[in-house]
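> Data: work24.cif, mmCIF, C-alpha atoms and all ligand atoms.
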data_start
loop_
_atom_site.label_atom_id
_atom_site.label_comp_id
_atom_site.auth_asym_id
_atom_site.auth_seq_id
_atom_site.Cartn_x
_atom_site.Cartn_y
_atom_site.Cartn_z
CA MET U 23 95.64 134.28 102.87
CA ASN U 24 99.29 135.32 102.73
CA ARG U 25 100.87 138.24 104.60
CA PHE U 26 101.27 141.43 102.58
CA GLU U 27 102.24 145.07 103.01
CA TYR U 28 99.48 147.65 102.73
CA ILE U 29 100.35 151.16 101.54
CA LYS U 30 98.19 154.17 100.72
CA ALA U 31 99.66 155.84 97.65
CA PRO U 32 99.58 159.66 97.77
CA SER U 33 99.80 160.10 93.97
CA ILE U 34 99.72 158.12 90.72
CA ALA U 35 103.46 158.69 90.24
CA GLU U 36 104.22 157.23 93.66
CA ALA U 37 101.79 154.34 93.12
CA LEU U 38 103.63 153.51 89.89
CA ASP U 39 106.99 153.68 91.68
CA MET U 40 105.70 151.31 94.34
CA MET U 41 104.37 148.90 91.72
CA ASP U 42 107.68 149.01 89.96
CA SER U 43 109.80 148.41 93.02
CA THR U 44 107.74 145.39 94.07
CA VAL U 45 108.22 143.61 90.75
CA PRO U 46 109.02 140.79 90.61
CA GLU U 47 110.45 139.53 93.91
CA ALA U 48 107.87 140.80 96.40
CA MET U 49 104.94 139.53 94.41
CA VAL U 50 103.69 136.11 93.50
CA GLN U 51 100.55 135.82 91.44
CA LYS U 52 99.69 132.23 90.75
CA THR U 53 97.44 132.96 87.82
CA ASP U 54 99.57 134.81 85.33
CA GLY U 55 102.73 136.00 87.03
CA SER U 56 101.62 139.63 86.72
CA ALA U 57 102.34 142.01 89.56
CA ARG U 58 99.29 144.26 89.54
CA VAL U 59 98.56 144.93 93.16
CA VAL U 60 96.70 148.21 93.24
CA LYS U 61 93.63 148.14 95.43
CA ALA U 62 90.48 150.16 94.83
CA GLY U 63 87.26 149.09 96.61
CA GLY U 64 88.67 145.61 97.25
CA THR U 65 85.43 143.77 96.40
CA ASP U 66 87.14 141.48 93.90
CA LEU U 67 90.76 141.79 95.01
CA LEU U 68 90.14 140.48 98.52
CA ASP U 69 88.13 137.54 97.12
CA LEU U 70 91.05 136.66 94.87
CA ILE U 71 93.44 136.75 97.84
CA LYS U 72 91.09 134.72 100.07
CA GLU U 73 90.53 132.20 97.28
CA GLY U 74 94.32 131.75 97.02
CA ILE U 75 94.35 132.84 93.37
CA LEU U 76 96.43 135.92 94.09
CA GLU U 77 99.28 136.24 96.59
CA PRO U 78 100.41 139.86 96.63
CA GLY U 79 103.52 141.04 98.40
CA ARG U 80 102.13 144.57 98.66
CA LEU U 81 98.76 146.23 98.17
CA ILE U 82 98.88 149.82 96.97
CA ASP U 83 95.62 151.55 97.85
CA LEU U 84 94.49 154.22 95.38
CA LYS U 85 91.85 155.68 97.70
CA ASN U 86 93.87 158.70 98.91
CA ILE U 87 94.98 159.89 95.48
CA PRO U 88 93.19 163.19 94.84
CA GLY U 89 91.02 163.54 91.74
CA LEU U 90 90.53 159.88 90.87
CA ASP U 91 86.92 160.00 92.06
CA LYS U 92 85.88 162.96 89.86
CA LEU U 93 83.05 162.71 87.34
CA SER U 94 82.42 165.48 84.83
CA PHE U 95 79.98 165.98 82.00
CA ASP U 96 80.07 168.51 79.17
CA LYS U 97 77.59 168.51 76.28
CA GLU U 98 80.41 169.11 73.79
CA LYS U 99 83.06 166.85 75.35
CA GLY U 100 80.96 164.03 76.80
CA LEU U 101 81.36 162.14 80.05
CA GLN U 102 84.65 161.59 81.84
CA PHE U 103 85.26 159.87 85.16
CA GLY U 104 88.17 158.67 87.23
CA PRO U 105 88.72 155.01 88.13
CA MET U 106 87.69 155.55 91.78
CA VAL U 107 84.19 156.68 90.77
CA THR U 108 81.93 153.98 92.13
CA ILE U 109 79.07 152.20 90.39
CA ALA U 110 76.77 153.98 92.88
CA ASP U 111 78.21 157.37 91.79
CA LEU U 112 77.21 156.58 88.18
CA GLU U 113 73.79 155.44 89.30
CA LYS U 114 73.24 158.67 91.27
CA SER U 115 74.55 161.06 88.61
CA LYS U 116 71.73 163.06 86.98
CA GLU U 117 73.86 163.58 83.85
CA VAL U 118 74.50 159.86 83.44
CA LYS U 119 70.79 159.09 83.86
CA GLN U 120 69.72 161.78 81.39
CA HIS U 121 72.40 161.51 78.69
CA TYR U 122 73.70 157.92 79.01
CA PRO U 123 70.62 155.89 80.02
CA ALA U 124 72.15 152.53 79.05
CA LEU U 125 75.09 153.18 81.40
CA TYR U 126 72.70 154.28 84.14
CA GLN U 127 70.65 151.08 83.68
CA ALA U 128 73.81 148.94 83.77
CA ALA U 129 74.92 150.66 87.00
CA ALA U 130 71.49 150.39 88.62
CA HIS U 131 71.26 146.64 87.93
CA ALA U 132 74.79 145.57 88.91
CA ALA U 133 75.52 143.62 92.10
CA THR U 134 73.77 145.04 95.20
CA PRO U 135 73.44 148.59 96.58
CA GLN U 136 76.12 147.81 99.21
CA ILE U 137 78.59 146.49 96.63
CA ARG U 138 77.82 149.36 94.26
CA ASN U 139 78.89 151.76 97.04
CA MET U 140 82.31 150.09 97.33
CA ALA U 141 82.93 148.90 93.77
CA THR U 142 84.90 151.35 91.65
CA MET U 143 84.84 151.57 87.87
CA GLY U 144 88.59 150.95 87.53
CA GLY U 145 88.17 147.76 89.53
CA ASN U 146 85.04 146.86 87.63
CA LEU U 147 86.86 146.83 84.29
CA MET U 148 89.83 144.96 85.80
CA GLN U 149 87.88 142.35 87.84
CA ARG U 150 88.72 138.72 87.04
CA PRO U 151 86.21 136.21 85.62
CA ARG U 152 83.74 134.35 87.82
CA CYS U 153 84.23 130.91 86.19
CA TRP U 154 83.97 128.48 89.11
CA TYR U 155 86.92 126.42 87.84
CA PHE U 156 89.12 129.53 87.67
CA ARG U 157 87.98 130.54 91.17
CA SER U 158 88.55 127.04 92.58
CA ASN U 159 91.87 126.21 94.17
CA GLY U 160 91.50 122.61 93.02
CA HIS U 161 91.46 123.35 89.28
CA HIS U 162 94.67 124.41 87.55
CA CYS U 163 92.89 125.66 84.44
CA ARG U 164 94.31 127.33 81.32
CA LYS U 165 93.73 130.78 82.78
CA LYS U 166 96.06 129.82 85.63
CA GLY U 167 98.72 128.41 83.30
CA GLY U 168 97.37 124.85 83.14
CA THR U 169 96.57 122.86 80.02
CA THR U 170 92.94 121.89 80.63
CA CYS U 171 89.78 123.95 80.36
CA PHE U 172 87.45 122.29 82.85
CA ALA U 173 84.50 124.43 81.75
CA GLN U 174 84.60 123.06 78.21
CA ILE U 175 84.09 119.53 79.52
CA GLY U 176 82.27 120.27 82.77
CA GLN U 177 79.54 122.54 84.13
CA ASN U 178 79.25 125.42 81.70
CA GLN U 179 75.74 126.80 82.04
CA PHE U 180 76.96 130.36 82.71
CA HIS U 181 79.78 130.35 80.18
CA SER U 182 80.29 131.80 76.70
CA ILE U 183 78.40 131.01 73.53
CA PHE U 184 80.92 132.86 71.34
CA LEU U 185 84.76 132.51 71.23
CA THR U 186 84.56 129.32 73.28
CA ASN U 187 87.53 127.40 71.86
CA VAL U 188 90.30 128.25 74.39
CA CYS U 189 88.53 129.38 77.57
CA PRO U 190 84.79 130.04 77.55
CA CYS U 191 84.64 132.14 80.73
CA VAL U 192 82.55 135.28 80.24
CA HIS U 193 83.78 138.78 80.97
CA PRO U 194 82.28 139.65 84.36
CA SER U 195 81.77 143.41 83.88
CA SER U 196 78.23 144.32 82.91
CA LEU U 197 79.13 148.03 83.03
CA ALA U 198 81.60 147.33 80.21
CA THR U 199 78.71 146.19 77.99
CA ALA U 200 77.22 149.69 78.12
CA LEU U 201 80.59 151.47 77.98
CA VAL U 202 81.59 149.62 74.79
CA ALA U 203 78.16 150.34 73.26
CA TYR U 204 78.77 154.07 73.84
CA ASP U 205 82.22 153.68 72.23
CA GLY U 206 84.00 154.51 75.49
CA LYS U 207 87.75 154.91 75.89
CA VAL U 208 90.11 154.14 78.72
CA GLU U 209 93.25 156.03 79.73
CA LEU U 210 96.11 153.95 81.13
CA THR U 211 99.05 155.53 82.93
CA GLY U 212 102.33 153.64 83.30
CA PRO U 213 106.07 154.33 83.68
CA GLU U 214 106.21 155.34 79.99
CA GLY U 215 103.37 157.85 80.31
CA LYS U 216 99.73 157.74 79.26
CA ARG U 217 97.95 155.90 76.46
CA VAL U 218 94.29 156.05 75.48
CA LEU U 219 92.51 153.06 73.97
CA PRO U 220 88.96 152.42 72.78
CA LEU U 221 87.44 149.97 75.25
CA SER U 222 86.71 147.68 72.30
CA GLU U 223 90.52 147.25 72.00
CA PHE U 224 91.16 147.11 75.75
CA PHE U 225 89.59 143.69 76.38
CA THR U 226 91.49 140.60 75.22
CA PRO U 227 89.72 137.48 73.94
CA SER U 228 91.03 134.27 75.49
CA ASN U 229 92.18 132.99 72.09
CA VAL U 230 94.64 135.94 72.01
CA ASP U 231 95.84 135.63 75.63
CA VAL U 232 94.06 133.23 77.93
CA THR U 233 95.85 134.36 81.11
CA CYS U 234 94.48 137.90 81.23
CA GLU U 235 91.37 139.75 80.14
CA ASN U 236 92.80 143.05 78.88
CA VAL U 237 95.87 144.72 77.45
CA ALA U 238 96.86 146.71 80.57
CA THR U 239 100.37 145.75 81.66
CA ASN U 240 101.42 144.93 85.23
CA GLN U 241 102.66 148.47 85.66
CA GLU U 242 99.72 150.44 84.29
CA ILE U 243 96.87 152.00 86.20
CA ILE U 244 93.51 153.02 84.73
CA THR U 245 93.38 156.77 85.29
CA ASN U 246 90.32 157.84 83.27
CA ILE U 247 87.28 156.49 81.46
CA MET U 248 85.73 158.66 78.73
CA LEU U 249 82.50 158.52 76.74
CA PRO U 250 81.94 160.67 73.64
CA PRO U 251 79.17 163.27 73.64
CA VAL U 252 75.71 162.02 72.72
CA GLN U 253 73.66 163.60 69.92
CA ASP U 254 70.02 164.67 70.09
CA SER U 255 69.41 161.69 67.80
CA THR U 256 70.98 159.16 70.21
CA ARG U 257 68.67 156.54 71.74
CA ALA U 258 69.98 153.85 74.05
CA HIS U 259 68.88 151.05 76.34
CA TYR U 260 70.40 148.26 78.42
CA ILE U 261 68.86 145.09 79.85
CA LYS U 262 70.46 142.59 82.22
CA GLN U 263 69.09 139.12 82.89
CA GLY U 264 70.37 137.40 86.01
CA GLN U 265 69.37 134.25 87.81
CA ARG U 266 68.06 136.55 90.52
CA GLU U 267 67.32 140.25 90.67
CA SER U 268 70.21 141.21 92.94
CA TYR U 269 73.52 139.97 94.38
CA ASP U 270 74.61 138.33 91.16
CA TRP U 271 76.48 138.78 87.93
CA SER U 272 74.70 138.68 84.61
CA MET U 273 73.62 135.53 82.73
CA GLY U 274 73.26 137.76 79.71
CA ASP U 275 73.06 141.51 79.18
CA VAL U 276 72.63 143.68 76.12
CA ALA U 277 73.32 147.34 75.41
CA VAL U 278 72.05 149.09 72.28
CA VAL U 279 72.95 152.63 71.19
CA LEU U 280 71.11 153.93 68.11
CA GLN U 281 71.36 157.13 66.09
CA MET U 282 67.83 157.78 64.84
CA ASP U 283 66.51 160.09 62.11
CA GLY U 284 62.85 159.95 63.06
CA LYS U 285 61.91 156.26 62.80
CA LYS U 286 64.93 155.46 60.63
CA CYS U 287 68.12 154.11 62.17
CA ARG U 288 71.21 155.90 60.87
CA ASP U 289 73.77 154.07 62.99
CA ALA U 290 73.78 151.36 65.66
CA ARG U 291 76.06 149.75 68.20
CA ILE U 292 74.99 146.46 69.77
CA VAL U 293 77.01 144.80 72.54
CA PHE U 294 76.42 141.48 74.33
CA GLY U 295 77.72 140.94 77.88
CA ALA U 296 78.23 137.46 79.40
CA ALA U 297 78.17 135.94 75.92
CA ALA U 298 81.95 135.77 75.36
CA PRO U 299 85.26 136.35 77.16
CA ILE U 300 84.99 140.01 76.09
CA PRO U 301 82.06 142.45 75.80
CA LEU U 302 81.05 141.42 72.28
CA ARG U 303 80.02 143.80 69.48
CA ARG U 304 77.48 142.26 67.07
CA GLU U 305 78.36 144.23 63.94
CA SER U 306 76.38 142.01 61.57
CA ALA U 307 73.19 142.79 63.52
CA GLU U 308 74.08 146.50 63.54
CA GLU U 309 74.24 146.38 59.72
CA VAL U 310 70.71 144.97 59.62
CA LEU U 311 69.39 148.04 61.48
CA LYS U 312 71.31 150.72 59.58
CA GLY U 313 69.24 152.70 57.10
CA LYS U 314 65.99 150.97 58.08
CA SER U 315 62.87 151.97 59.93
CA ILE U 316 62.80 150.04 63.17
CA ASN U 317 59.87 147.66 63.15
CA GLU U 318 59.21 144.14 64.40
CA LYS U 319 60.41 142.47 61.21
CA VAL U 320 63.74 144.33 61.18
CA ILE U 321 64.26 143.68 64.90
CA GLU U 322 63.61 139.96 64.32
CA GLN U 323 66.15 139.90 61.48
CA ALA U 324 68.75 141.70 63.61
CA ALA U 325 68.26 139.23 66.47
CA GLU U 326 68.69 136.24 64.11
CA LYS U 327 71.85 137.79 62.65
CA ALA U 328 73.29 138.59 66.08
CA LEU U 329 73.24 134.95 67.11
CA GLU U 330 74.74 133.59 63.90
CA GLY U 331 78.03 131.85 64.64
CA ALA U 332 77.15 131.05 68.27
CA THR U 333 78.75 127.81 69.48
CA PRO U 334 76.93 126.99 72.71
CA LEU U 335 78.39 124.40 75.06
CA ALA U 336 76.65 121.36 76.57
CA TYR U 337 74.65 123.29 79.19
CA ASN U 338 74.22 126.83 77.88
CA GLY U 339 72.17 126.44 74.70
CA TYR U 340 69.43 128.42 76.46
CA LYS U 341 71.61 131.53 76.08
CA VAL U 342 70.99 131.63 72.32
CA HIS U 343 67.26 132.12 72.98
CA LEU U 344 67.96 134.41 75.92
CA PHE U 345 70.12 136.78 73.86
CA LYS U 346 67.62 136.84 70.97
CA THR U 347 64.87 137.87 73.33
CA LEU U 348 67.03 140.36 75.24
CA LEU U 349 68.22 141.97 72.02
CA LYS U 350 64.69 142.33 70.62
CA ARG U 351 63.49 143.92 73.85
CA THR U 352 66.51 146.22 74.09
CA ILE U 353 66.20 147.49 70.49
CA MET U 354 62.47 148.05 70.95
CA GLU U 355 63.03 150.03 74.16
CA ALA U 356 65.89 152.04 72.66
CA ALA U 357 63.97 152.91 69.50
CA SER U 358 60.86 153.93 71.40
C1 LIG U 401 77.88 139.57 94.78
C2 LIG U 401 78.50 140.39 93.69
C3 LIG U 401 77.76 140.68 92.55
C4 LIG U 401 78.34 141.42 91.52
N1 LIG U 401 77.60 141.70 90.40
C5 LIG U 401 78.15 142.43 89.40
C6 LIG U 401 77.41 142.77 88.22
O1 LIG U 401 76.23 142.47 88.10
N2 LIG U 401 78.04 143.47 87.25
C7 LIG U 401 79.34 143.86 87.35
O2 LIG U 401 79.85 144.50 86.43
N3 LIG U 401 80.06 143.55 88.44
C8 LIG U 401 79.50 142.85 89.45
N4 LIG U 401 80.24 142.57 90.57
C9 LIG U 401 81.67 142.88 90.58
C10 LIG U 401 82.00 144.23 91.18
O3 LIG U 401 81.39 145.25 90.42
C11 LIG U 401 83.51 144.34 91.15
O4 LIG U 401 84.02 143.44 92.12
C12 LIG U 401 83.99 145.74 91.46
O5 LIG U 401 83.54 146.66 90.49
C13 LIG U 401 85.50 145.78 91.53
O6 LIG U 401 85.86 147.09 91.92
P1 LIG U 401 86.74 147.33 93.22
O7 LIG U 401 86.89 148.80 93.35
O8 LIG U 401 86.19 146.63 94.40
O9 LIG U 401 88.08 146.67 92.71
P2 LIG U 401 89.20 145.86 93.53
O10 LIG U 401 88.61 144.62 94.07
O11 LIG U 401 89.91 146.77 94.46
O12 LIG U 401 90.17 145.52 92.33
C14 LIG U 401 89.80 144.58 91.34
C15 LIG U 401 90.99 144.43 90.37
O13 LIG U 401 91.17 145.63 89.65
C16 LIG U 401 92.50 146.14 89.84
N5 LIG U 401 92.36 147.58 89.86
C17 LIG U 401 91.52 148.31 90.62
N6 LIG U 401 91.57 149.62 90.27
C18 LIG U 401 92.48 149.69 89.25
C19 LIG U 401 92.97 150.78 88.45
N7 LIG U 401 92.56 152.03 88.60
N8 LIG U 401 93.88 150.48 87.49
C20 LIG U 401 94.33 149.23 87.31
N9 LIG U 401 93.90 148.16 88.04
C21 LIG U 401 92.97 148.41 89.00
C22 LIG U 401 92.98 145.52 91.15
O14 LIG U 401 94.38 145.41 91.21
C23 LIG U 401 92.30 144.16 91.07
O15 LIG U 401 93.05 143.30 90.24
C24 LIG U 401 79.68 141.88 91.63
C25 LIG U 401 80.40 141.62 92.81
C26 LIG U 401 79.83 140.88 93.83
C27 LIG U 401 80.65 140.61 95.06
#
What would the structure in this file look like if it were written as structure tokens?

Amino acid sequence: MNRFEYIKAPSIAEALDMMDSTVPEAMVQKTDGSARVVKAGGTDLLDLIKEGILEPGRLIDLKNIPGLDKLSFDKEKGLQFGPMVTIADLEKSKEVKQHYPALYQAAAHAATPQIRNMATMGGNLMQRPRCWYFRSNGHHCRKKGGTTCFAQIGQNQFHSIFLTNVCPCVHPSSLATALVAYDGKVELTGPEGKRVLPLSEFFTPSNVDVTCENVATNQEIITNIMLPPVQDSTRAHYIKQGQRESYDWSMGDVAVVLQMDGKKCRDARIVFGAAAPIPLRRESAEEVLKGKSINEKVIEQAAEKALEGATPLAYNGYKVHLFKTLLKRTIMEAAS
């Protein structure tokens, strides 16, 4: 681990100034040359430093900035929370549990209770992939500026089954699966001001830019995450399958948000987590559900459609069956 300065930023403006002034000379990041050094809970950041993937010159802690840990809910406006809201805060919120059950389920099944207490939502969306070749000092993979993807030719049982051609690492955030299903947005604040993006446009597939996982620049901070209001007709569910019940990332997770008119589905959003380098919408499967009564036959058709185009690697063919089963169960639970 290298030596670095540690500073508690008193405000977003000062955090941005500090990020700016440290670029580029005080900061070396081996992976992509970016200079993002803000620290939230530290559960991923400190791993990256210890693993030698990241060598910051300065860590700028966001913990003391007032207001970043606020969560608010309004029936008309929806849910809004700051980046320092923890996964545990989402899990404990009565409003999240009642109005956004898929997000509650994603929060309740992530990591461990101890990690959920430390892990913030800003950090969760910005965490780096868990691919063992990326995390290993001995493998200079494409994500770190190299020319080889070791996962494509090596051990790839936990990797992508979609968008596998450049780097098949999966996006590590299982909370993002639910947030994208609810059509969430993220607010980024940088030296030029604020911009708001749908989360579906925030994450970057590796065939667009292999060295990073989202469109945030080195000098932007996530300052808000927003979910639209839910309707009385909204039904949602989320299921995560891991190798073990706790202390692990997902092997596959699915979030489904339906708009129901009685038994008939008016609209649907289906998102797969740990299937691709981004949380992956399955629009073709959504089309199968729209305008139909949800029954076993329709669910079966949607599951078949959702897996069309999958290109599993040598050791992760099981994920095709896993996702079919997870999707069927998630739609059934949501619709009931
Ligand atoms: C054993 C284990 C199991 C886990 N299982 C799961 C799981 O099942 N599902 C899941 O989703 N996650 C899982 N995680 C990951 C965990 O949720 C993340 O490590 C955590 O959410 C990161 O948040 P943090 O506050 O600790 O971020 P930090 O470690 O402080 O930061 C992570 C990254 O985000 C950047 N960052 C932080 N805040 C901001 C901000 N506001 N704006 C811009 N950049 C920012 C940092 O610079 C850094 O690059 C697991 C972690 C562990 C250790």
> Residues at most 9 Å from stretch 293-303 of chain U, counting all atoms listed in the file, excluding those fewer than 5 positions away in the same chain, as a VMD selection string?
chain U and resid 151 180 to 186 189 to 200 202 to 203 222 225 to 228 235 to 236 262 271 to 279 308 341 345 349
> Filtering to C-alpha atoms, could you give me those residues as a PDB file, in the frame of the given file?

ATOM      1  CA  PRO U 151      86.210 136.210  85.620  1.00  0.00           C
ATOM      2  CA  PHE U 180      76.960 130.360  82.710  1.00  0.00           C
ATOM      3  CA  HIS U 181      79.780 130.350  80.180  1.00  0.00           C
ATOM      4  CA  SER U 182      80.290 131.800  76.700  1.00  0.00           C
ATOM      5  CA  ILE U 183      78.400 131.010  73.530  1.00  0.00           C
ATOM      6  CA  PHE U 184      80.920 132.860  71.340  1.00  0.00           C
ATOM      7  CA  LEU U 185      84.760 132.510  71.230  1.00  0.00           C
ATOM      8  CA  THR U 186      84.560 129.320  73.280  1.00  0.00           C
ATOM      9  CA  CYS U 189      88.530 129.380  77.570  1.00  0.00           C
ATOM     10  CA  PRO U 190      84.790 130.040  77.550  1.00  0.00           C
ATOM     11  CA  CYS U 191      84.640 132.140  80.730  1.00  0.00           C
ATOM     12  CA  VAL U 192      82.550 135.280  80.240  1.00  0.00           C
ATOM     13  CA  HIS U 193      83.780 138.780  80.970  1.00  0.00           C
ATOM     14  CA  PRO U 194      82.280 139.650  84.360  1.00  0.00           C
ATOM     15  CA  SER U 195      81.770 143.410  83.880  1.00  0.00           C
ATOM     16  CA  SER U 196      78.230 144.320  82.910  1.00  0.00           C
ATOM     17  CA  LEU U 197      79.130 148.030  83.030  1.00  0.00           C
ATOM     18  CA  ALA U 198      81.600 147.330  80.210  1.00  0.00           C
ATOM     19  CA  THR U 199      78.710 146.190  77.990  1.00  0.00           C
ATOM     20  CA  ALA U 200      77.220 149.690  78.120  1.00  0.00           C
ATOM     21  CA  VAL U 202      81.590 149.620  74.790  1.00  0.00           C
ATOM     22  CA  ALA U 203      78.160 150.340  73.260  1.00  0.00           C
ATOM     23  CA  SER U 222      86.710 147.680  72.300  1.00  0.00           C
ATOM     24  CA  PHE U 225      89.590 143.690  76.380  1.00  0.00           C
ATOM     25  CA  THR U 226      91.490 140.600  75.220  1.00  0.00           C
ATOM     26  CA  PRO U 227      89.720 137.480  73.940  1.00  0.00           C
ATOM     27  CA  SER U 228      91.030 134.270  75.490  1.00  0.00           C
ATOM     28  CA  GLU U 235      91.370 139.750  80.140  1.00  0.00           C
ATOM     29  CA  ASN U 236      92.800 143.050  78.880  1.00  0.00           C
ATOM     30  CA  LYS U 262      70.460 142.590  82.220  1.00  0.00           C
ATOM     31  CA  TRP U 271      76.480 138.780  87.930  1.00  0.00           C
ATOM     32  CA  SER U 272      74.700 138.680  84.610  1.00  0.00           C
ATOM     33  CA  MET U 273      73.620 135.530  82.730  1.00  0.00           C
ATOM     34  CA  GLY U 274      73.260 137.760  79.710  1.00  0.00           C
ATOM     35  CA  ASP U 275      73.060 141.510  79.180  1.00  0.00           C
ATOM     36  CA  VAL U 276      72.630 143.680  76.120  1.00  0.00           C
ATOM     37  CA  ALA U 277      73.320 147.340  75.410  1.00  0.00           C
ATOM     38  CA  VAL U 278      72.050 149.090  72.280  1.00  0.00           C
ATOM     39  CA  VAL U 279      72.950 152.630  71.190  1.00  0.00           C
ATOM     40  CA  GLU U 308      74.080 146.500  63.540  1.00  0.00           C
ATOM     41  CA  LYS U 341      71.610 131.530  76.080  1.00  0.00           C
ATOM     42  CA  PHE U 345      70.120 136.780  73.860  1.00  0.00           C
ATOM     43  CA  LEU U 349      68.220 141.970  72.020  1.00  0.00           C
TER      44      LEU U 349
END
> Kindly assemble as JSON lines a list of the chain U residues that lie within 6 Å of ligand LIG 401 (chain U), each paired with its nearest atom pair and their distance in Å to one decimal, using only C-alpha atoms and all ligand atoms, sorted first by chain and then by ascending residue number.

{"residue": "U:Arg58", "atom": "CA", "partner": "U:LIG401", "partner_atom": "O14", "distance": 5.3}
{"residue": "U:Val59", "atom": "CA", "partner": "U:LIG401", "partner_atom": "O14", "distance": 4.6}
{"residue": "U:Val60", "atom": "CA", "partner": "U:LIG401", "partner_atom": "O14", "distance": 4.2}
{"residue": "U:Lys61", "atom": "CA", "partner": "U:LIG401", "partner_atom": "O11", "distance": 4.1}
{"residue": "U:Ala62", "atom": "CA", "partner": "U:LIG401", "partner_atom": "O11", "distance": 3.5}
{"residue": "U:Gly63", "atom": "CA", "partner": "U:LIG401", "partner_atom": "O7", "distance": 3.3}
{"residue": "U:Gly64", "atom": "CA", "partner": "U:LIG401", "partner_atom": "O11", "distance": 3.3}
{"residue": "U:Thr65", "atom": "CA", "partner": "U:LIG401", "partner_atom": "O8", "distance": 3.6}
{"residue": "U:Asp66", "atom": "CA", "partner": "U:LIG401", "partner_atom": "O10", "distance": 3.5}
{"residue": "U:Leu67", "atom": "CA", "partner": "U:LIG401", "partner_atom": "O10", "distance": 3.7}
{"residue": "U:Pro105", "atom": "CA", "partner": "U:LIG401", "partner_atom": "N7", "distance": 4.9}
{"residue": "U:Ala132", "atom": "CA", "partner": "U:LIG401", "partner_atom": "O1", "distance": 3.5}
{"residue": "U:Ala133", "atom": "CA", "partner": "U:LIG401", "partner_atom": "N1", "distance": 3.3}
{"residue": "U:Met140", "atom": "CA", "partner": "U:LIG401", "partner_atom": "O8", "distance": 6.0}
{"residue": "U:Ala141", "atom": "CA", "partner": "U:LIG401", "partner_atom": "O6", "distance": 3.9}
{"residue": "U:Thr142", "atom": "CA", "partner": "U:LIG401", "partner_atom": "O7", "distance": 3.7}
{"residue": "U:Met143", "atom": "CA", "partner": "U:LIG401", "partner_atom": "O5", "distance": 5.7}
{"residue": "U:Gly144", "atom": "CA", "partner": "U:LIG401", "partner_atom": "N7", "distance": 4.3}
{"residue": "U:Gly145", "atom": "CA", "partner": "U:LIG401", "partner_atom": "O9", "distance": 3.4}
{"residue": "U:Asn146", "atom": "CA", "partner": "U:LIG401", "partner_atom": "O5", "distance": 3.2}
{"residue": "U:Met148", "atom": "CA", "partner": "U:LIG401", "partner_atom": "O13", "distance": 4.1}
{"residue": "U:Gln149", "atom": "CA", "partner": "U:LIG401", "partner_atom": "C15", "distance": 4.5}
{"residue": "U:Pro194", "atom": "CA", "partner": "U:LIG401", "partner_atom": "O2", "distance": 5.8}
{"residue": "U:Ser195", "atom": "CA", "partner": "U:LIG401", "partner_atom": "O2", "distance": 3.4}
{"residue": "U:Ser196", "atom": "CA", "partner": "U:LIG401", "partner_atom": "O2", "distance": 3.9}
{"residue": "U:Leu197", "atom": "CA", "partner": "U:LIG401", "partner_atom": "O2", "distance": 5.0}
{"residue": "U:Ile243", "atom": "CA", "partner": "U:LIG401", "partner_atom": "N8", "distance": 3.6}
{"residue": "U:Ile244", "atom": "CA", "partner": "U:LIG401", "partner_atom": "N8", "distance": 3.8}
{"residue": "U:Thr245", "atom": "CA", "partner": "U:LIG401", "partner_atom": "N7", "distance": 5.8}
{"residue": "U:Tyr269", "atom": "CA", "partner": "U:LIG401", "partner_atom": "C1", "distance": 4.4}
{"residue": "U:Asp270", "atom": "CA", "partner": "U:LIG401", "partner_atom": "C3", "distance": 4.2}
{"residue": "U:Trp271", "atom": "CA", "partner": "U:LIG401", "partner_atom": "O1", "distance": 3.7}
{"residue": "U:Ser272", "atom": "CA", "partner": "U:LIG401", "partner_atom": "O1", "distance": 5.4}
> May I ask for the distance between atom CA of U:Leu68 and atom CA of U:Asn240, given in Å to one decimal place?
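One can read the atom CA of U:Leu68 to atom CA of U:Asn240 distance as 18.0 Å.
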> Which protein, DNA or RNA residues have an atom at most 10 Å from (69.8, 153.0, 58.0), counting all atoms listed in the file? List them as a compact mmCIF listing (two decimals) with C-alpha atoms, keeping the file's coordinate frame.

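Printed below is part_10.txt as written:
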# COMPACT_ATOMS: atom_id res chain seq x y z
CA GLN U 281 71.36 157.13 66.09
CA MET U 282 67.83 157.78 64.84
CA ASP U 283 66.51 160.09 62.11
CA LYS U 285 61.91 156.26 62.80
CA LYS U 286 64.93 155.46 60.63
CA CYS U 287 68.12 154.11 62.17
CA ARG U 288 71.21 155.90 60.87
CA ASP U 289 73.77 154.07 62.99
CA ALA U 290 73.78 151.36 65.66
CA GLU U 308 74.08 146.50 63.54
CA GLU U 309 74.24 146.38 59.72
CA VAL U 310 70.71 144.97 59.62
CA LEU U 311 69.39 148.04 61.48
CA LYS U 312 71.31 150.72 59.58
CA GLY U 313 69.24 152.70 57.10
CA LYS U 314 65.99 150.97 58.08
CA SER U 315 62.87 151.97 59.93
CA ILE U 316 62.80 150.04 63.17
> Expressed in Å to a single decimal, how great is the separation between atom CA of U:Leu147 and atom CA of U:Glu330?
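About the pair atom CA of U:Leu147 and atom CA of U:Glu330: they are 27.2 Å apart.
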> What does the structure give for the distance between atom CA of U:Val218 and atom CA of U:Gly206, in Å to one decimal?
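Value for the atom CA of U:Val218-atom CA of U:Gly206 distance: 10.4 Å.
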> Given all atoms listed in the file as the basis, pick out the residue of U:Leu201, U:Ile109, U:Ala307, U:Val320 nearest to U:His259.
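Of the candidates, the smallest distance to U:His259 is held by U:Leu201.
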> Show me, as a PyMOL selection string, the residues that have an atom within 12 Å of U:Arg217 when counting only C-alpha atoms, minus same-chain residues fewer than 5 positions from it.
chain U and resi 207-212+224+237-239+242-247
> Excluding same-chain residues fewer than 6 positions from U:Phe26, what lies within 9 Å of it counting only C-alpha atoms, as a PyMOL selection string?
chain U and resi 77-81
